[in-house]
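What's in upload26.txt: compact mmCIF, C-alpha atoms
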```
# COMPACT_ATOMS: atom_id res chain seq x y z
CA MET A 1 74.71 174.68 91.27
CA PRO A 2 75.19 172.92 87.88
CA PHE A 3 76.36 176.23 86.42
CA LEU A 4 78.82 176.59 89.29
CA GLY A 5 80.12 173.07 88.70
CA ILE A 6 80.70 173.73 85.00
CA GLY A 7 82.50 176.94 85.92
CA VAL A 8 84.86 175.07 88.22
CA HIS A 9 85.68 172.55 85.49
CA VAL A 10 86.45 175.33 83.08
CA LEU A 11 88.63 177.14 85.62
CA ILE A 12 90.60 173.97 86.25
CA ALA A 13 91.02 173.44 82.52
CA LEU A 14 92.15 177.06 82.18
CA TYR A 15 94.75 176.56 84.93
CA PHE A 16 96.18 173.53 83.15
CA ALA A 17 96.07 175.37 79.83
CA VAL A 18 98.24 178.12 81.29
CA HIS A 19 100.59 175.46 82.66
CA ALA A 20 100.74 173.79 79.23
CA ILE A 21 101.70 177.05 77.53
CA ARG A 22 104.29 178.02 80.14
CA SER A 23 105.90 174.58 80.19
CA GLY A 24 106.04 174.30 76.39
CA GLN A 25 103.61 171.40 75.95
CA GLN A 26 102.13 170.50 72.59
CA MET A 27 99.25 172.75 71.53
CA TYR A 28 96.87 169.82 71.11
CA TRP A 29 96.59 169.82 74.91
CA LEU A 30 94.69 173.10 74.67
CA ILE A 31 92.16 171.50 72.33
CA ILE A 32 91.74 168.55 74.69
CA LEU A 33 91.40 170.75 77.77
CA PHE A 34 88.78 173.07 76.33
CA SER A 35 86.86 170.42 74.37
CA PHE A 36 86.58 168.12 77.40
CA PRO A 37 87.25 170.30 80.49
CA LEU A 38 86.76 167.65 83.16
CA LEU A 39 88.18 164.57 81.43
CA GLY A 40 90.88 166.59 79.70
CA SER A 41 91.99 168.10 83.01
CA LEU A 42 92.20 164.66 84.63
CA VAL A 43 94.27 163.29 81.76
CA TYR A 44 96.57 166.32 81.78
CA PHE A 45 97.02 166.10 85.55
CA PHE A 46 98.19 162.49 85.49
CA ALA A 47 100.07 162.61 82.18
CA ILE A 48 101.87 165.94 82.45
CA TYR A 49 101.33 167.90 85.65
CA LEU A 50 101.88 165.24 88.34
CA PRO A 51 105.08 163.68 86.87
CA ASN A 52 106.74 167.13 86.98
CA SER A 53 105.39 168.17 90.38
CA ARG A 54 107.24 168.29 93.70
CA ILE A 55 104.82 165.71 95.08
CA GLU A 56 105.81 163.16 92.47
CA HIS A 57 109.53 163.87 92.78
CA GLY A 58 109.30 163.72 96.56
CA ALA A 59 107.55 160.35 96.46
CA ARG A 60 110.14 158.93 94.07
CA LYS A 61 112.93 160.23 96.26
CA ALA A 62 111.42 158.66 99.38
CA VAL A 63 111.01 155.26 97.72
CA ALA A 64 114.54 155.39 96.32
CA ALA A 65 115.99 156.34 99.70
CA ALA A 66 114.23 153.45 101.41
CA ALA A 67 115.50 151.01 98.78
CA ARG A 68 119.07 152.28 99.12
CA THR A 69 118.93 151.86 102.88
CA LEU A 70 117.93 148.21 102.58
CA ASP A 71 120.41 147.39 99.80
CA PRO A 72 122.64 150.34 98.82
CA THR A 73 124.09 148.78 95.65
CA ARG A 74 121.11 146.80 94.39
CA GLU A 75 119.85 149.32 91.84
CA LEU A 76 123.36 149.91 90.47
CA ARG A 77 123.94 146.17 90.09
CA GLU A 78 120.59 145.59 88.40
CA ALA A 79 120.93 148.62 86.14
CA LYS A 80 124.40 147.54 85.00
CA ALA A 81 123.22 144.00 84.36
CA ALA A 82 120.24 145.27 82.35
CA PHE A 83 122.43 147.54 80.23
CA ASP A 84 125.05 144.83 79.65
CA TYR A 85 122.32 142.45 78.52
CA THR A 86 120.33 144.97 76.46
CA PRO A 87 122.27 148.19 75.77
CA THR A 88 119.25 150.35 74.91
CA ALA A 89 119.00 154.09 75.55
CA GLN A 90 116.44 153.47 78.30
CA ASN A 91 118.75 151.05 80.10
CA GLN A 92 121.66 153.44 79.70
CA MET A 93 119.58 156.21 81.32
CA ARG A 94 118.71 153.87 84.19
CA LEU A 95 122.39 152.99 84.62
CA ALA A 96 123.40 156.65 84.57
CA LEU A 97 120.88 157.53 87.28
CA ALA A 98 122.00 154.58 89.43
CA GLN A 99 125.62 155.67 89.03
CA LEU A 100 124.74 159.25 89.95
CA GLU A 101 122.85 158.18 93.08
CA ALA A 102 125.75 155.88 94.03
CA GLY A 103 128.27 158.72 93.80
CA ALA A 104 129.90 157.66 90.53
CA ALA A 105 129.35 161.06 88.95
CA GLU A 106 132.00 160.78 86.20
CA GLU A 107 130.54 157.54 84.87
CA ALA A 108 127.02 158.95 85.10
CA ALA A 109 128.03 162.08 83.20
CA ALA A 110 129.53 160.00 80.39
CA ASN A 111 126.38 157.91 80.07
CA TYR A 112 124.08 160.94 80.10
CA GLU A 113 126.19 162.60 77.41
CA ALA A 114 125.82 159.48 75.28
CA CYS A 115 122.03 159.53 75.76
CA LEU A 116 121.87 163.16 74.63
CA GLN A 117 123.50 162.29 71.32
CA GLY A 118 120.58 160.18 70.12
CA PRO A 119 116.81 160.55 69.82
CA PHE A 120 116.62 161.83 73.41
CA ALA A 121 118.79 164.88 72.66
CA SER A 122 115.99 167.27 73.63
CA ASP A 123 114.83 165.36 76.71
CA ARG A 124 114.80 167.85 79.58
CA GLU A 125 115.00 165.25 82.35
CA ILE A 126 118.14 163.68 80.85
CA ARG A 127 119.74 167.09 80.39
CA PHE A 128 118.91 168.01 83.99
CA CYS A 129 120.46 164.79 85.29
CA ALA A 130 123.50 165.37 83.07
CA ALA A 131 123.90 168.81 84.66
CA ARG A 132 123.68 167.19 88.11
CA ALA A 133 126.36 164.66 87.18
CA PHE A 134 128.72 167.32 85.86
CA VAL A 135 128.21 169.46 88.97
CA GLU A 136 129.01 166.50 91.24
CA SER A 137 132.11 165.68 89.18
CA GLY A 138 133.32 169.28 89.29
CA ARG A 139 133.00 169.95 85.57
CA PHE A 140 131.20 173.24 85.99
CA ASP A 141 131.60 174.66 82.48
CA THR A 142 129.83 171.68 80.92
CA ALA A 143 127.18 171.72 83.65
CA MET A 144 126.45 175.39 82.92
CA THR A 145 125.98 174.61 79.22
CA HIS A 146 123.26 172.10 80.09
CA LEU A 147 121.58 174.40 82.61
CA GLU A 148 121.50 177.33 80.19
CA ALA A 149 119.98 175.05 77.55
CA LEU A 150 117.29 173.97 80.02
CA ARG A 151 116.35 177.51 80.94
CA LYS A 152 116.26 178.52 77.29
CA SER A 153 114.02 175.62 76.26
CA ASP A 154 111.69 175.66 79.29
CA ALA A 155 112.09 178.28 82.01
CA GLY A 156 109.44 176.54 84.12
CA PHE A 157 111.13 173.13 84.22
CA ARG A 158 112.26 172.15 87.75
CA THR A 159 112.75 175.83 88.59
CA GLU A 160 114.05 175.31 92.13
CA GLN A 161 116.43 172.46 91.29
CA VAL A 162 117.83 174.21 88.20
CA SER A 163 118.39 177.36 90.24
CA ILE A 164 120.24 175.45 92.96
CA LEU A 165 122.49 173.74 90.42
CA THR A 166 123.11 177.06 88.66
CA ALA A 167 124.15 178.69 91.93
CA ARG A 168 126.48 175.78 92.72
CA VAL A 169 128.01 176.03 89.26
CA LEU A 170 128.55 179.78 89.61
CA ALA A 171 130.26 179.16 92.93
CA GLY A 172 132.39 176.44 91.36
CA LEU A 173 133.43 178.84 88.60
CA GLY A 174 134.54 181.39 91.17
CA ARG A 175 131.69 183.81 90.46
CA ALA A 176 130.79 184.40 94.10
CA ALA A 177 128.63 187.50 93.59
CA ASP A 178 126.58 185.77 90.88
CA ALA A 179 126.22 182.67 93.04
CA ARG A 180 124.95 184.75 95.95
CA ALA A 181 122.45 186.55 93.70
CA GLU A 182 121.16 183.23 92.33
CA PHE A 183 120.77 181.76 95.81
CA GLU A 184 119.03 184.88 97.10
CA ALA A 185 116.57 184.99 94.20
CA SER A 186 115.79 181.28 94.55
CA ALA A 187 115.37 181.55 98.33
CA GLU A 188 112.86 184.37 97.83
CA ARG A 189 110.86 182.34 95.29
CA ALA A 190 110.86 179.02 97.12
CA PRO A 191 112.51 178.90 100.56
CA THR A 192 112.37 175.11 100.81
CA PHE A 193 114.60 173.13 103.15
CA VAL A 194 116.79 171.94 100.28
CA MET A 195 117.13 175.48 98.93
CA LEU A 196 118.11 176.94 102.31
CA ALA A 197 120.49 174.06 103.04
CA GLU A 198 122.32 174.55 99.75
CA TYR A 199 122.47 178.28 100.42
CA ALA A 200 123.89 177.60 103.90
CA ILE A 201 126.51 175.23 102.47
CA TRP A 202 127.61 177.95 100.07
CA ALA A 203 127.67 180.56 102.88
CA TYR A 204 129.85 178.32 105.06
CA GLN A 205 132.23 177.72 102.15
CA ALA A 206 132.33 181.43 101.31
CA GLY A 207 133.11 182.33 104.93
CA ASP A 208 129.93 184.33 105.44
CA LEU A 209 129.27 182.88 108.87
CA THR A 210 126.61 185.46 109.76
CA LEU A 211 124.46 184.42 106.81
CA ALA A 212 125.26 180.75 107.39
CA GLY A 213 124.24 181.03 111.04
CA ARG A 214 120.92 182.63 110.17
CA LEU A 215 120.15 179.94 107.61
CA GLN A 216 121.30 177.18 109.96
CA SER A 217 118.90 178.48 112.61
CA GLU A 218 116.00 178.18 110.17
CA LEU A 219 117.09 174.70 109.14
CA ASP A 220 117.45 173.53 112.74
CA LYS A 221 113.96 174.82 113.50
CA THR A 222 112.55 172.80 110.60
CA MET A 223 114.43 169.65 111.60
CA THR A 224 112.93 169.66 115.09
CA HIS A 225 109.71 168.46 113.45
CA TRP A 226 111.37 165.70 111.42
CA ASN A 227 111.07 161.98 112.01
CA LYS A 228 113.68 159.36 111.24
CA ALA A 229 112.39 158.85 107.70
CA ALA A 230 112.75 162.54 106.88
CA ARG A 231 116.33 162.56 108.13
CA GLU A 232 117.16 159.47 106.11
CA LEU A 233 115.61 161.04 103.02
CA ASN A 234 117.92 164.03 103.37
CA ARG A 235 120.94 162.18 104.71
CA SER A 236 123.41 163.07 101.95
CA LEU A 237 122.39 166.74 102.03
CA LEU A 238 122.80 166.88 105.82
CA GLN A 239 126.22 165.25 105.52
CA ARG A 240 127.32 167.97 103.11
CA LEU A 241 125.86 170.66 105.35
CA ASN A 242 127.59 169.33 108.47
CA ALA A 243 130.89 168.96 106.61
CA ALA A 244 130.72 172.55 105.34
CA ARG A 245 129.88 173.77 108.84
CA ALA A 246 132.82 171.88 110.36
CA ARG A 247 135.29 173.33 107.84
CA ALA A 248 133.89 176.88 107.85
CA LYS A 249 136.25 179.78 108.47
CA PRO A 250 135.47 183.52 108.40
CA ALA A 251 136.25 185.25 105.11
CA SER A 252 139.54 187.11 105.33
```
Please go through the file and, once you have read it, give me the structure as structure tokens.
Amino acid sequence: MPFLGIGVHVLIALYFAVHAIRSGQQMYWLIILFSFPLLGSLVYFFAIYLPNSRIEHGARKAVAAAARTLDPTRELREAKAAFDYTPTAQNQMRLALAQLEAGAAEEAAANYEACLQGPFASDREIRFCAARAFVESGRFDTAMTHLEALRKSDAGFRTEQVSILTARVLAGLGRAADARAEFEASAERAPTFVMLAEYAIWAYQAGDLTLAGRLQSELDKTMTHWNKAARELNRSLLQRLNAARARAKPAS
């Protein structure tokens, strides 16, 4: 049994070591993981793995959604006040995110671009949010530049979200076949609700009502198990989906 326990620790450390290599982490993590398999794995999990996981992002999203429901403009007000009082890069990033969540995509994009000019120029999270802001503001060429840079620097970073944004950008640039291929590949890798909803939105907009109907059926089936909190969490996405469905017309 002790031997089996040690083996499990080593296997866990090996798993995180593979993750470290694939996600481009510093090589000292390998030394930590294999020198102290149990403790090193725990530290890596909380310091690196969890912050970039879907669990962590989902929890943040749920908390943010609840806060916006209670006071929709509170975070934007507080972020602006903090930046006006102390215009640091951290406060500018907070302001940019608040603007993006509030629908002020142009202002968010400008602030993210400013953040990428300084010491945070290689920060993947900032670049990802900048891509989001440029997509929402319809500046697809600039968004694609950021997304290509992300994939080049770390192909494993937010794979699903980067793929969705890339597909939306390709659609915005009029590259329908490439957008379809990106959506299809992403749906095969990770057919999450968000992924299928974005694919359905694109299908409605492209006039492929057969594909849109099939995807909508899957989405409706998933939503039958949702509670009020889940619907609130995905409210903006559902609004976009319903709007695309209402405006859909068959491709000529």
*Quick one: everything within 7 Å of region 201-211 of chain A, counting all atoms listed in the file, minus sequence neighbours fewer than 6 positions away in the same chain. Send it as a ChimeraX atom specification.*
/A:241,244-245,248-251
*asked:* So that I can see what lies close to Asp154 (chain A), please list as a VMD selection string the residues with an atom at most 12 Å from it, counting only C-alpha atoms and leaving out residues fewer than 6 positions away in the same chain.
replied: chain A and resid 19 to 25 122 to 125 127 to 128 147 to 148 162
Restricting the output to C-alpha atoms, write the selected residues as a CSV table (one decimal), in the coordinates of the input.
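See out38.csv below for the written result:
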```
chain,number,residue,atom,x,y,z
A,19,HIS,CA,100.6,175.5,82.7
A,20,ALA,CA,100.7,173.8,79.2
A,21,ILE,CA,101.7,177.0,77.5
A,22,ARG,CA,104.3,178.0,80.1
A,23,SER,CA,105.9,174.6,80.2
A,24,GLY,CA,106.0,174.3,76.4
A,25,GLN,CA,103.6,171.4,76.0
A,122,SER,CA,116.0,167.3,73.6
A,123,ASP,CA,114.8,165.4,76.7
A,124,ARG,CA,114.8,167.8,79.6
A,125,GLU,CA,115.0,165.2,82.4
A,127,ARG,CA,119.7,167.1,80.4
A,128,PHE,CA,118.9,168.0,84.0
A,147,LEU,CA,121.6,174.4,82.6
A,148,GLU,CA,121.5,177.3,80.2
A,162,VAL,CA,117.8,174.2,88.2
```
_Here's a test: counting only C-alpha atoms, identify every protein, DNA and RNA residue with an atom at most 10 Å from (120.1, 176.8, 109.9) in the file's coordinate frame, and state them as a list in words._
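So the residues meeting the distance criterion are Phe193, Leu196, Ala197, Tyr199, Ala200, Ile201, Leu211, Ala212, Gly213, Arg214, Leu215, Gln216, Ser217, Glu218, Leu219, Asp220, Lys221, Thr222, Met223 and Leu241 of chain A.
Taking CA of Ala79 (chain A) and CA of Leu233 (chain A) as endpoints, the distance between them is 21.6 Å.
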*Any idea what the distance is between CA of Ala102 (chain A) and CA of Ala82 (chain A)?*
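Going from CA of Ala102 (chain A) over to CA of Ala82 (chain A) covers 16.7 Å.
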Box along x, y and z, 6 Å on every side, all listed atoms of region 87-104 of chain A inside: centre and edge lengths in Å to one decimal, as JSON.
```
{"center_x": 123.2, "center_y": 153.7, "center_z": 84.5, "size_x": 25.5, "size_y": 23.1, "size_z": 31.1}
```
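Across the structure, CA of Arg151 (chain A) and CA of Ala171 (chain A) are spaced 18.4 Å apart.
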*What lies within 9 Å of Leu170 (chain A) using only C-alpha atoms, ignoring chain neighbours under 5 positions off, as a list in words?*
Phe140, Met144, Leu165, Arg175, Ala176, Ala177, Asp178, Ala179, Arg180 and Glu182 of chain A
*Excluding Glu107 (chain A) and residues on its chain fewer than 4 positions from it, collect all residues at most 9 Å away from it, counting only C-alpha atoms, and give them as number ranges by chain.*
A: 96, 99-100, 111-112, 133
*Which of these, A:Leu30, A:Ala167, A:Ile126, A:Ala230, has the shortest distance to Tyr44 (chain A) once you count all atoms listed in the file?*
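Nearest to Tyr44 (chain A): A:Leu30.
Excluding Ala109 (chain A) itself and any same-chain residue fewer than 6 positions from it, the protein and nucleic acid residues within 10 Å of it, counting only C-alpha atoms, are Ala96, Leu97, Gln99, Leu100, Cys115, Cys129, Ala130, Ala131, Arg132, Ala133, Phe134, Val135, Glu136, Ser137, Arg139 and Ala143 of chain A.
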